[in-house]
file input-v5.cif (mmCIF, C-alpha atoms and all ligand atoms)
data_final
#
loop_
_atom_site.group_PDB
_atom_site.id
_atom_site.type_symbol
_atom_site.label_atom_id
_atom_site.label_comp_id
_atom_site.auth_asym_id
_atom_site.auth_seq_id
_atom_site.Cartn_x
_atom_site.Cartn_y
_atom_site.Cartn_z
ATOM 1 C CA MET A 1 5.759 13.905 -2.003
ATOM 2 C CA ARG A 2 4.440 13.576 -5.547
ATOM 3 C CA CYS A 3 5.933 10.203 -6.480
ATOM 4 C CA ARG A 4 6.322 10.140 -10.250
ATOM 5 C CA TYR A 5 4.948 6.585 -10.505
ATOM 6 C CA CYS A 6 1.871 7.307 -8.397
ATOM 7 C CA MET A 7 0.789 10.964 -8.082
ATOM 8 C CA PRO A 8 2.700 12.923 -10.739
ATOM 9 C CA ARG A 9 2.665 16.631 -9.959
ATOM 10 C CA GLU A 10 1.342 17.651 -13.385
ATOM 11 C CA HIS A 11 -1.872 15.716 -12.621
ATOM 12 C CA PHE A 12 -2.105 16.117 -8.864
ATOM 13 C CA ASP A 13 -1.012 19.627 -8.010
ATOM 14 C CA GLY A 14 -4.006 21.813 -7.461
ATOM 15 C CA HIS A 15 -6.508 18.918 -7.668
ATOM 16 C CA GLU A 16 -9.527 19.398 -5.459
ATOM 17 C CA PHE A 17 -9.710 17.445 -2.203
ATOM 18 C CA LEU A 18 -13.008 15.901 -1.122
ATOM 19 C CA SER A 19 -15.019 17.945 1.335
ATOM 20 C CA ARG A 20 -15.327 16.749 4.944
ATOM 21 C CA GLU A 21 -18.972 15.634 4.438
ATOM 22 C CA GLU A 22 -18.024 13.495 1.457
ATOM 23 C CA ILE A 23 -15.534 11.342 3.336
ATOM 24 C CA LEU A 24 -16.500 8.718 5.883
ATOM 25 C CA THR A 25 -16.055 9.665 9.529
ATOM 26 C CA TYR A 26 -13.891 7.452 11.735
ATOM 27 C CA GLU A 27 -17.105 6.185 13.374
ATOM 28 C CA GLU A 28 -18.511 5.170 9.967
ATOM 29 C CA LEU A 29 -15.261 3.474 8.957
ATOM 30 C CA ALA A 30 -15.043 1.574 12.248
ATOM 31 C CA PHE A 31 -18.700 0.526 11.803
ATOM 32 C CA VAL A 32 -17.873 -0.988 8.394
ATOM 33 C CA VAL A 33 -14.869 -2.803 9.842
ATOM 34 C CA GLU A 34 -16.912 -4.239 12.731
ATOM 35 C CA SER A 35 -19.603 -5.329 10.244
ATOM 36 C CA LEU A 36 -17.051 -7.329 8.276
ATOM 37 C CA VAL A 37 -15.436 -9.208 11.161
ATOM 38 C CA PRO A 38 -18.109 -11.963 11.074
ATOM 39 C CA LEU A 39 -17.319 -12.526 7.374
ATOM 40 C CA GLY A 40 -13.774 -13.546 8.278
ATOM 41 C CA LEU A 41 -11.992 -10.212 8.054
ATOM 42 C CA GLN A 42 -8.549 -10.652 9.615
ATOM 43 C CA LYS A 43 -6.460 -7.709 8.572
ATOM 44 C CA ILE A 44 -6.861 -3.984 8.025
ATOM 45 C CA ARG A 45 -4.305 -1.818 6.273
ATOM 46 C CA LEU A 46 -4.548 1.964 6.506
ATOM 47 C CA THR A 47 -3.037 3.464 3.393
ATOM 48 C CA GLY A 48 -3.822 6.159 0.898
ATOM 49 C CA GLY A 49 -2.798 8.863 -0.016
ATOM 50 C CA GLU A 50 -0.775 9.377 3.102
ATOM 51 C CA PRO A 51 -2.498 8.032 6.228
ATOM 52 C CA LEU A 52 -0.320 10.025 8.651
ATOM 53 C CA LEU A 53 -1.689 13.232 7.139
ATOM 54 C CA ARG A 54 -5.229 12.420 8.276
ATOM 55 C CA ARG A 55 -5.909 14.336 11.463
ATOM 56 C CA ASP A 56 -6.033 12.248 14.659
ATOM 57 C CA VAL A 57 -5.432 8.982 12.804
ATOM 58 C CA CYS A 58 -4.377 7.353 16.107
ATOM 59 C CA ASP A 59 -7.879 7.969 17.489
ATOM 60 C CA PHE A 60 -9.184 5.908 14.575
ATOM 61 C CA ILE A 61 -6.712 3.084 15.215
ATOM 62 C CA LYS A 62 -7.933 2.938 18.829
ATOM 63 C CA MET A 63 -11.481 2.380 17.535
ATOM 64 C CA LEU A 64 -10.554 -0.724 15.502
ATOM 65 C CA PRO A 65 -11.077 -4.261 16.865
ATOM 66 C CA LYS A 66 -7.812 -5.375 18.448
ATOM 67 C CA GLU A 67 -8.201 -8.997 17.333
ATOM 68 C CA LEU A 68 -7.481 -7.797 13.781
ATOM 69 C CA ASP A 69 -3.999 -7.489 12.363
ATOM 70 C CA LEU A 70 -3.637 -3.698 12.038
ATOM 71 C CA ALA A 71 -1.130 -2.378 9.521
ATOM 72 C CA MET A 72 -0.335 0.911 7.817
ATOM 73 C CA THR A 73 1.531 1.871 4.655
ATOM 74 C CA THR A 74 3.216 5.264 4.843
ATOM 75 C CA ASN A 75 5.857 7.343 3.116
ATOM 76 C CA GLY A 76 7.519 7.530 6.547
ATOM 77 C CA LEU A 77 8.032 11.283 6.645
ATOM 78 C CA LEU A 78 5.925 11.715 9.789
ATOM 79 C CA LEU A 79 6.713 8.326 11.269
ATOM 80 C CA GLU A 80 9.354 9.484 13.721
ATOM 81 C CA LYS A 81 6.779 11.833 15.238
ATOM 82 C CA PHE A 82 3.958 9.268 15.412
ATOM 83 C CA ALA A 83 5.664 5.890 15.972
ATOM 84 C CA VAL A 84 5.101 5.582 19.731
ATOM 85 C CA GLU A 85 1.520 6.835 19.548
ATOM 86 C CA LEU A 86 0.756 4.448 16.677
ATOM 87 C CA ALA A 87 2.065 1.484 18.664
ATOM 88 C CA GLU A 88 0.223 2.565 21.814
ATOM 89 C CA SER A 89 -2.989 2.940 19.797
ATOM 90 C CA GLY A 90 -2.827 -0.721 18.739
ATOM 91 C CA LEU A 91 -1.123 -0.655 15.341
ATOM 92 C CA ASP A 92 0.826 -3.901 14.828
ATOM 93 C CA ARG A 93 2.827 -3.228 11.707
ATOM 94 C CA VAL A 94 4.021 -0.537 9.407
ATOM 95 C CA THR A 95 5.174 -0.713 5.784
ATOM 96 C CA VAL A 96 7.367 2.199 4.823
ATOM 97 C CA SER A 97 7.983 3.234 1.235
ATOM 98 C CA LEU A 98 11.635 3.861 0.446
ATOM 99 C CA ASP A 99 12.795 3.700 -3.161
ATOM 100 C CA ALA A 100 16.383 4.874 -2.782
ATOM 101 C CA LEU A 101 18.992 5.705 -0.176
ATOM 102 C CA ASP A 102 20.811 8.385 -2.136
ATOM 103 C CA VAL A 103 19.239 11.821 -1.961
ATOM 104 C CA GLU A 104 19.259 12.462 -5.697
ATOM 105 C CA THR A 105 17.346 9.301 -6.662
ATOM 106 C CA PHE A 106 14.963 9.561 -3.692
ATOM 107 C CA GLN A 107 14.079 13.118 -4.668
ATOM 108 C CA ALA A 108 13.689 12.245 -8.358
ATOM 109 C CA MET A 109 11.411 9.217 -7.720
ATOM 110 C CA GLY A 110 9.335 11.039 -5.124
ATOM 111 C CA ASP A 111 9.452 14.480 -6.761
ATOM 112 C CA THR A 112 10.193 15.883 -3.342
ATOM 113 C CA LYS A 113 12.632 18.024 -1.397
ATOM 114 C CA GLU A 114 12.538 15.542 1.497
ATOM 115 C CA THR A 115 15.456 13.168 2.101
ATOM 116 C CA PRO A 116 15.761 9.440 2.786
ATOM 117 C CA GLU A 117 17.316 10.262 6.185
ATOM 118 C CA THR A 118 13.899 11.370 7.472
ATOM 119 C CA VAL A 119 12.355 8.075 6.364
ATOM 120 C CA LEU A 120 15.210 6.074 7.923
ATOM 121 C CA ARG A 121 14.701 7.900 11.233
ATOM 122 C CA GLY A 122 10.998 7.029 11.010
ATOM 123 C CA ILE A 123 11.824 3.350 10.432
ATOM 124 C CA GLU A 124 14.142 3.304 13.450
ATOM 125 C CA ALA A 125 11.522 5.008 15.616
ATOM 126 C CA ALA A 126 8.914 2.458 14.528
ATOM 127 C CA ARG A 127 11.234 -0.450 15.398
ATOM 128 C CA LEU A 128 12.030 1.023 18.785
ATOM 129 C CA ALA A 129 8.309 1.509 19.421
ATOM 130 C CA GLY A 130 7.813 -2.235 18.869
ATOM 131 C CA LEU A 131 6.128 -2.086 15.463
ATOM 132 C CA LYS A 132 7.018 -4.757 12.898
ATOM 133 C CA VAL A 133 8.501 -2.997 9.890
ATOM 134 C CA LYS A 134 8.601 -3.727 6.174
ATOM 135 C CA VAL A 135 10.149 -1.516 3.528
ATOM 136 C CA ASN A 136 8.496 -1.190 0.105
ATOM 137 C CA ALA A 137 10.740 -0.229 -2.793
ATOM 138 C CA VAL A 138 9.224 0.297 -6.238
ATOM 139 C CA ILE A 139 11.917 -0.331 -8.827
ATOM 140 C CA ARG A 140 11.554 1.546 -12.099
ATOM 141 C CA ALA A 141 13.926 1.294 -15.047
ATOM 142 C CA GLY A 142 16.010 4.381 -15.599
ATOM 143 C CA TYR A 143 15.414 5.633 -12.067
ATOM 144 C CA ASN A 144 16.564 3.332 -9.298
ATOM 145 C CA GLU A 145 17.789 -0.093 -10.417
ATOM 146 C CA HIS A 146 20.993 0.687 -8.524
ATOM 147 C CA SER A 147 18.958 0.842 -5.291
ATOM 148 C CA VAL A 148 18.095 -2.863 -5.297
ATOM 149 C CA GLU A 149 21.339 -4.078 -3.719
ATOM 150 C CA LYS A 150 21.834 -0.948 -1.603
ATOM 151 C CA ILE A 151 18.450 -1.135 0.108
ATOM 152 C CA ALA A 152 18.825 -4.829 0.934
ATOM 153 C CA GLU A 153 22.296 -4.158 2.317
ATOM 154 C CA ARG A 154 21.090 -1.255 4.475
ATOM 155 C CA PHE A 155 18.779 -3.542 6.463
ATOM 156 C CA ILE A 156 21.081 -6.545 6.943
ATOM 157 C CA GLY A 157 21.217 -7.452 10.629
ATOM 158 C CA THR A 158 17.822 -5.891 11.368
ATOM 159 C CA ASP A 159 14.374 -7.501 11.428
ATOM 160 C CA VAL A 160 13.133 -5.167 8.672
ATOM 161 C CA ILE A 161 11.697 -7.104 5.707
ATOM 162 C CA VAL A 162 12.467 -5.542 2.332
ATOM 163 C CA ARG A 163 9.920 -5.905 -0.454
ATOM 164 C CA TYR A 164 10.641 -4.922 -4.027
ATOM 165 C CA ILE A 165 7.667 -3.990 -6.184
ATOM 166 C CA GLU A 166 7.385 -4.092 -9.949
ATOM 167 C CA PHE A 167 6.291 -0.754 -11.435
ATOM 168 C CA MET A 168 2.553 -1.290 -11.988
ATOM 169 C CA ASP A 169 0.112 0.259 -14.437
ATOM 170 C CA VAL A 170 -2.273 1.439 -11.738
ATOM 171 C CA GLY A 171 -4.443 4.445 -12.560
ATOM 172 C CA GLU A 172 -4.156 6.474 -15.731
ATOM 173 C CA THR A 173 -1.679 9.214 -14.868
ATOM 174 C CA ASN A 174 1.699 7.620 -14.189
ATOM 175 C CA SER A 175 2.853 7.204 -17.829
ATOM 176 C CA TRP A 176 3.377 3.491 -17.274
ATOM 177 C CA ASP A 177 5.379 1.739 -19.926
ATOM 178 C CA ASN A 178 6.152 -1.952 -20.001
ATOM 179 C CA GLY A 179 9.730 -1.033 -20.927
ATOM 180 C CA GLU A 180 10.173 0.586 -17.506
ATOM 181 C CA VAL A 181 9.218 -2.538 -15.579
ATOM 182 C CA ILE A 182 12.119 -4.219 -13.823
ATOM 183 C CA THR A 183 10.702 -7.670 -13.193
ATOM 184 C CA GLY A 184 11.180 -9.623 -9.975
ATOM 185 C CA GLU A 185 13.377 -11.995 -11.965
ATOM 186 C CA MET A 186 15.643 -9.115 -13.015
ATOM 187 C CA MET A 187 15.795 -7.813 -9.442
ATOM 188 C CA ARG A 188 16.741 -11.253 -8.121
ATOM 189 C CA SER A 189 19.630 -11.354 -10.572
ATOM 190 C CA MET A 190 20.963 -8.220 -8.836
ATOM 191 C CA LEU A 191 20.976 -9.921 -5.420
ATOM 192 C CA GLU A 192 23.210 -12.815 -4.448
ATOM 193 C CA ASN A 193 22.458 -15.802 -2.210
ATOM 194 C CA LEU A 194 18.680 -15.773 -2.336
ATOM 195 C CA SER A 195 16.794 -18.931 -1.454
ATOM 196 C CA PRO A 196 13.005 -19.170 -1.843
ATOM 197 C CA ILE A 197 10.789 -19.724 1.209
ATOM 198 C CA GLU A 198 7.157 -20.764 1.535
ATOM 199 C CA PRO A 199 4.361 -18.156 1.609
ATOM 200 C CA ASN A 200 3.005 -17.373 5.097
ATOM 201 C CA HIS A 201 -0.560 -17.806 3.880
ATOM 202 C CA ILE A 202 -2.682 -18.081 0.733
ATOM 203 C CA GLY A 203 -3.083 -14.663 -0.858
ATOM 204 C CA GLU A 204 0.346 -13.449 0.265
ATOM 205 C CA VAL A 205 1.276 -10.818 -2.312
ATOM 206 C CA ALA A 206 5.060 -11.149 -2.092
ATOM 207 C CA ASN A 207 7.169 -14.071 -3.292
ATOM 208 C CA ARG A 208 9.465 -14.559 -0.299
ATOM 209 C CA TYR A 209 13.196 -15.323 -0.159
ATOM 210 C CA LYS A 210 15.838 -15.649 2.529
ATOM 211 C CA ARG A 211 19.260 -14.073 2.183
ATOM 212 C CA GLY A 212 21.254 -15.088 5.205
ATOM 213 C CA THR A 213 19.109 -13.987 8.138
ATOM 214 C CA GLN A 214 17.321 -11.388 6.058
ATOM 215 C CA GLU A 215 13.857 -11.783 4.495
ATOM 216 C CA ILE A 216 13.278 -10.258 1.085
ATOM 217 C CA GLY A 217 10.067 -10.313 -0.963
ATOM 218 C CA PHE A 218 9.115 -9.491 -4.528
ATOM 219 C CA ILE A 219 5.682 -8.231 -5.528
ATOM 220 C CA GLU A 220 5.475 -9.289 -9.143
ATOM 221 C CA SER A 221 1.981 -8.340 -10.175
ATOM 222 C CA VAL A 222 3.037 -7.486 -13.735
ATOM 223 C CA SER A 223 5.257 -10.461 -14.560
ATOM 224 C CA LYS A 224 3.604 -13.057 -12.254
ATOM 225 C CA PRO A 225 -0.008 -11.989 -11.606
ATOM 226 C CA PHE A 226 -1.671 -13.448 -8.512
ATOM 227 C CA CYS A 227 -5.318 -12.502 -9.143
ATOM 228 C CA GLY A 228 -6.547 -16.025 -8.346
ATOM 229 C CA ASP A 229 -5.390 -15.780 -4.732
ATOM 230 C CA CYS A 230 -6.222 -12.110 -4.140
ATOM 231 C CA ASN A 231 -8.272 -11.616 -0.992
ATOM 232 C CA ARG A 232 -8.093 -7.827 -0.631
ATOM 233 C CA ALA A 233 -10.960 -5.383 -0.763
ATOM 234 C CA ARG A 234 -10.336 -1.643 -0.601
ATOM 235 C CA ILE A 235 -12.525 1.100 0.805
ATOM 236 C CA SER A 236 -11.938 4.627 -0.478
ATOM 237 C CA ALA A 237 -12.100 7.594 1.880
ATOM 238 C CA ASP A 238 -15.530 8.427 0.460
ATOM 239 C CA GLY A 239 -16.923 4.990 1.253
ATOM 240 C CA SER A 240 -16.791 2.960 -1.957
ATOM 241 C CA LEU A 241 -15.715 -0.657 -1.913
ATOM 242 C CA TYR A 242 -13.310 -1.710 -4.672
ATOM 243 C CA THR A 243 -12.670 -5.354 -5.395
ATOM 244 C CA CYS A 244 -9.509 -4.829 -7.447
ATOM 245 C CA LEU A 245 -6.559 -2.427 -7.340
ATOM 246 C CA PHE A 246 -7.101 -1.882 -11.060
ATOM 247 C CA ALA A 247 -10.882 -1.411 -10.903
ATOM 248 C CA SER A 248 -12.623 1.380 -12.730
ATOM 249 C CA LYS A 249 -15.703 1.487 -10.478
ATOM 250 C CA GLY A 250 -16.422 1.074 -6.773
ATOM 251 C CA ASN A 251 -19.544 -0.037 -4.898
ATOM 252 C CA ASP A 252 -21.240 2.624 -2.809
ATOM 253 C CA LEU A 253 -21.374 1.777 0.913
ATOM 254 C CA LYS A 254 -21.673 5.376 2.114
ATOM 255 C CA SER A 255 -25.299 5.767 0.994
ATOM 256 C CA MET A 256 -26.240 2.579 2.854
ATOM 257 C CA LEU A 257 -24.447 3.767 5.989
ATOM 258 C CA ARG A 258 -26.091 7.177 5.870
ATOM 259 C CA MET A 259 -29.532 5.643 5.314
ATOM 260 C CA GLY A 260 -29.055 3.778 8.598
ATOM 261 C CA ALA A 261 -28.055 0.280 7.465
ATOM 262 C CA ASN A 262 -27.157 -2.019 10.355
ATOM 263 C CA LYS A 263 -24.045 -4.200 10.555
ATOM 264 C CA SER A 264 -25.644 -7.301 9.129
ATOM 265 C CA GLN A 265 -26.995 -5.329 6.154
ATOM 266 C CA ILE A 266 -23.521 -3.964 5.468
ATOM 267 C CA ALA A 267 -22.073 -7.470 5.776
ATOM 268 C CA ASP A 268 -24.710 -8.864 3.374
ATOM 269 C CA ALA A 269 -23.993 -6.150 0.817
ATOM 270 C CA VAL A 270 -20.251 -6.784 0.961
ATOM 271 C CA ARG A 271 -20.694 -10.577 0.791
ATOM 272 C CA ASN A 272 -22.860 -10.086 -2.267
ATOM 273 C CA ILE A 273 -20.370 -7.784 -4.003
ATOM 274 C CA TRP A 274 -17.419 -10.001 -3.103
ATOM 275 C CA SER A 275 -19.001 -13.273 -4.225
ATOM 276 C CA LYS A 276 -19.805 -11.800 -7.648
ATOM 277 C CA ARG A 277 -16.379 -10.350 -8.294
ATOM 278 C CA ASP A 278 -14.565 -11.559 -11.370
ATOM 279 C CA ASP A 279 -11.668 -9.076 -11.499
ATOM 280 C CA ALA A 280 -8.435 -10.456 -12.847
ATOM 281 C CA TYR A 281 -6.896 -7.318 -14.270
ATOM 282 C CA SER A 282 -3.274 -8.378 -13.972
ATOM 283 C CA GLU A 283 -4.055 -11.519 -15.938
ATOM 284 C CA THR A 284 -6.127 -9.821 -18.654
ATOM 285 C CA ARG A 285 -4.330 -6.471 -18.824
ATOM 286 C CA GLY A 286 -4.086 -6.406 -22.645
ATOM 287 C CA LYS A 287 -7.861 -6.639 -23.082
ATOM 288 C CA PHE A 288 -8.868 -3.932 -20.593
ATOM 289 C CA SER A 289 -10.182 -0.645 -21.915
ATOM 290 C CA SER A 290 -12.051 1.146 -19.066
ATOM 291 C CA GLU A 291 -10.409 4.010 -17.231
ATOM 292 C CA LYS A 292 -8.814 2.786 -13.986
ATOM 293 C CA VAL A 293 -9.166 4.485 -10.629
ATOM 294 C CA GLU A 294 -5.985 6.043 -9.200
ATOM 295 C CA MET A 295 -4.050 4.074 -6.577
ATOM 296 C CA SER A 296 -3.803 7.164 -4.370
ATOM 297 C CA PHE A 297 -7.628 7.142 -4.212
ATOM 298 C CA ILE A 298 -8.156 3.529 -3.174
ATOM 299 C CA GLY A 299 -4.857 2.796 -1.463
ATOM 300 C CA GLY A 300 -1.820 0.796 -2.492
HETATM 301 N N1 LIG B 401 1.563 7.296 0.926
HETATM 302 C C1 LIG B 401 1.821 5.979 1.375
HETATM 303 C C2 LIG B 401 3.171 5.511 0.881
HETATM 304 O O1 LIG B 401 3.895 6.284 0.266
HETATM 305 O O2 LIG B 401 3.517 4.356 1.142
HETATM 306 C C3 LIG B 401 0.726 4.955 1.093
HETATM 307 C C4 LIG B 401 0.108 4.939 -0.260
HETATM 308 S S1 LIG B 401 1.111 4.329 -1.588
HETATM 309 C C5 LIG B 401 -0.072 4.361 -2.932
HETATM 310 C C6 LIG B 401 1.252 2.609 -1.207
HETATM 311 C C7 LIG B 401 2.334 1.855 -1.916
HETATM 312 O O3 LIG B 401 2.036 1.772 -3.289
HETATM 313 C C8 LIG B 401 3.702 2.498 -1.805
HETATM 314 O O4 LIG B 401 4.640 1.581 -1.312
HETATM 315 C C9 LIG B 401 4.020 2.880 -3.228
HETATM 316 O O5 LIG B 401 5.387 2.827 -3.497
HETATM 317 C C10 LIG B 401 3.241 1.854 -4.017
HETATM 318 N N2 LIG B 401 2.959 2.279 -5.393
HETATM 319 C C11 LIG B 401 2.378 3.423 -5.785
HETATM 320 N N3 LIG B 401 2.293 3.481 -7.141
HETATM 321 C C12 LIG B 401 2.827 2.333 -7.592
HETATM 322 C C13 LIG B 401 3.036 1.798 -8.902
HETATM 323 N N4 LIG B 401 2.677 2.445 -9.998
HETATM 324 N N5 LIG B 401 3.601 0.579 -9.005
HETATM 325 C C14 LIG B 401 3.973 -0.104 -7.889
HETATM 326 N N6 LIG B 401 3.800 0.341 -6.634
HETATM 327 C C15 LIG B 401 3.243 1.552 -6.490
#
call {"tool": "encode", "arguments": {"input": "input-v5.cif", "output": "structure tokens", "more": "lines below"}}
Ligand code: SAM
result
Amino acid sequence: MRCRYCMPREHFDGHEFLSREEILTYEELAFVVESLVPLGLQKIRLTGGEPLLRRDVCDFIKMLPKELDLAMTTNGLLLEKFAVELAESGLDRVTVSLDALDVETFQAMGDTKETPETVLRGIEAARLAGLKVKVNAVIRAGYNEHSVEKIAERFIGTDVIVRYIEFMDVGETNSWDNGEVITGEMMRSMLENLSPIEPNHIGEVANRYKRGTQEIGFIESVSKPFCGDCNRARISADGSLYTCLFASKGNDLKSMLRMGANKSQIADAVRNIWSKRDDAYSETRGKFSSEKVEMSFIGG
């Protein structure tokens, strides 16, 4: 897939991948995770890029502390194949991207020859394997507004939570335009019988609603920024820590790891970086001029 809003083909076909030595090994990644548990780390999300394309990703999941909430975001194309192994490896939850149910719109949004049927089979396999499932749908004007109602309808009567995402100005390559943002408010006007429910916890990114027995959420980072509550750090495959999805620079952890830092030194470094962070991109977007890192590099 080369989703137009994330990795447009004209920028990402033929780009060079990082060499094996440049990316952190599973052992190094697990070491960072273990170092951060004493700081209060509760949840890990494996994302990307496409996490199911990383070889032996289930071996990595097995290495992660089981007391953590372990989640993955995936395009779902390989989910049918991996669902049981993911669940057996200790993954708790999976978020599957699905922007449309009709083939034409799915293929236009994702710039792909794949079909939504493959993703739907992956979702079903994940449910049967006992994983909790959410669906992420990015709604972009001129592409898939008509999918809002259809996607919600498709999952009525299941325990799948649908989350609609405003088209965000992440990175520098997706030709973002404010005019193409369908706000959460606009999406809600396309859905009947919604009633708001309380957030599960502080820092929850989605504004949650009930619709009958169904749960629906809206991630409104453009129209209703939630920087003040954000508690997410991101680690790129090459070992940099980013304190904001819209950051332009990361903080190098790989050099520390490869110079033999122990867990408490890694924890101290991260505490230090985190306590000094002042990112609030979504609130200050108009005044930002530095080049932003791509979402596919630090994970959505
Ligand atoms: N490859 C995986 C996938 O397709 O879900 C994981 C990575 S993807 C970057 C993670 C999530 O970010 C997806 O749900 C995707 O739809 C969302 N996303 C990517 N670009 C976005 C944008 N410009 N605005 C809003 N959401 C975006």
call {"tool": "atom_distance", "arguments": {"input": "input-v5.cif", "atom1": "CA of Val32 in chain A", "atom2": "CA of Ala261 in chain A"}}
result
10.3 Å
call {"tool": "residues_around", "arguments": {"input": "input-v5.cif", "residues": "Val222 in chain A", "least_positions_apart": "2", "cutoff": "12 Å", "atoms": "all atoms listed in the file", "output": "count of residues only"}}
result
31
call {"tool": "atom_distance", "arguments": {"input": "input-v5.cif", "atom1": "atom N4 of ligand LIG 401 (chain B)", "atom2": "CA of Lys292 in chain A"}}
result
12.2 Å
call {"tool": "residues_around", "arguments": {"input": "input-v5.cif", "residues": "Thr105 in chain A", "least_positions_apart": "2", "cutoff": "12 Å", "atoms": "only C-alpha atoms", "output": "ChimeraX atom specification"}}
result
/A:3-4,98-103,107-116,139-140,142-147
call {"tool": "closest_residue", "arguments": {"input": "input-v5.cif", "among": "A:Asn200, A:Leu39, A:Arg163, A:Ala87", "to": "Gly130 in chain A", "atoms": "all atoms listed in the file"}}
result
A:Ala87
call {"tool": "residues_near_ligand", "arguments": {"input": "input-v5.cif", "ligand": "ligand LIG 401 (chain B)", "cutoff": "7 Å", "atoms": "only C-alpha atoms and all ligand atoms", "output": "list in words"}}
result
Tyr5, Cys6, Thr47, Gly48, Gly49, Glu50, Pro51, Thr73, Thr74, Asn75, Val96, Ser97, Asn136, Ala137, Val138, Ile165, Glu166, Phe167, Met168, Asp169, Val170, Asn174, Met295, Ser296, Gly299 and Gly300 of chain A
call {"tool": "resolve_selection", "arguments": {"input": "input-v5.cif", "expression": "the PyMOL selection byres (((chain A and resi 45) around 6) and not hetatm)", "output": "mmCIF file with C-alpha atoms, keeping the file's coordinate frame"}}
result
data_model
loop_
_atom_site.group_PDB
_atom_site.id
_atom_site.type_symbol
_atom_site.label_atom_id
_atom_site.label_comp_id
_atom_site.auth_asym_id
_atom_site.auth_seq_id
_atom_site.Cartn_x
_atom_site.Cartn_y
_atom_site.Cartn_z
ATOM 1 C CA ILE A 44 -6.861 -3.984 8.025
ATOM 2 C CA LEU A 46 -4.548 1.964 6.506
ATOM 3 C CA ALA A 71 -1.130 -2.378 9.521
ATOM 4 C CA MET A 72 -0.335 0.911 7.817
#
call {"tool": "resolve_selection", "arguments": {"input": "input-v5.cif", "expression": "the PyMOL selection byres (((chain A and resi 268) around 12) and not hetatm)", "output": "count of residues only"}}
result
21
call {"tool": "axis_aligned_box", "arguments": {"input": "input-v5.cif", "around": "range 188-207 of chain A", "padding_each_side": "8 Å", "output": "JSON"}}
result
{"center_x": 10.1, "center_y": -14.5, "center_z": -2.7, "size_x": 42.3, "size_y": 28.5, "size_z": 31.7}
call {"tool": "resolve_selection", "arguments": {"input": "input-v5.cif", "expression": "the PyMOL selection byres (((chain A and resi 125) around 8) and not hetatm)", "output": "JSON, numbers by chain"}}
result
{"A": [79, 80, 83, 84, 121, 122, 123, 124, 126, 127, 128, 129]}
call {"tool": "atom_distance", "arguments": {"input": "input-v5.cif", "atom1": "CA of Arg188 in chain A", "atom2": "CA of Val148 in chain A"}}
result
9.0 Å
call {"tool": "closest_residue", "arguments": {"input": "input-v5.cif", "among": "A:Met186, A:Gly171, A:Tyr242, A:Gly157", "to": "Ala141 in chain A", "atoms": "only C-alpha atoms"}}
result
A:Met186
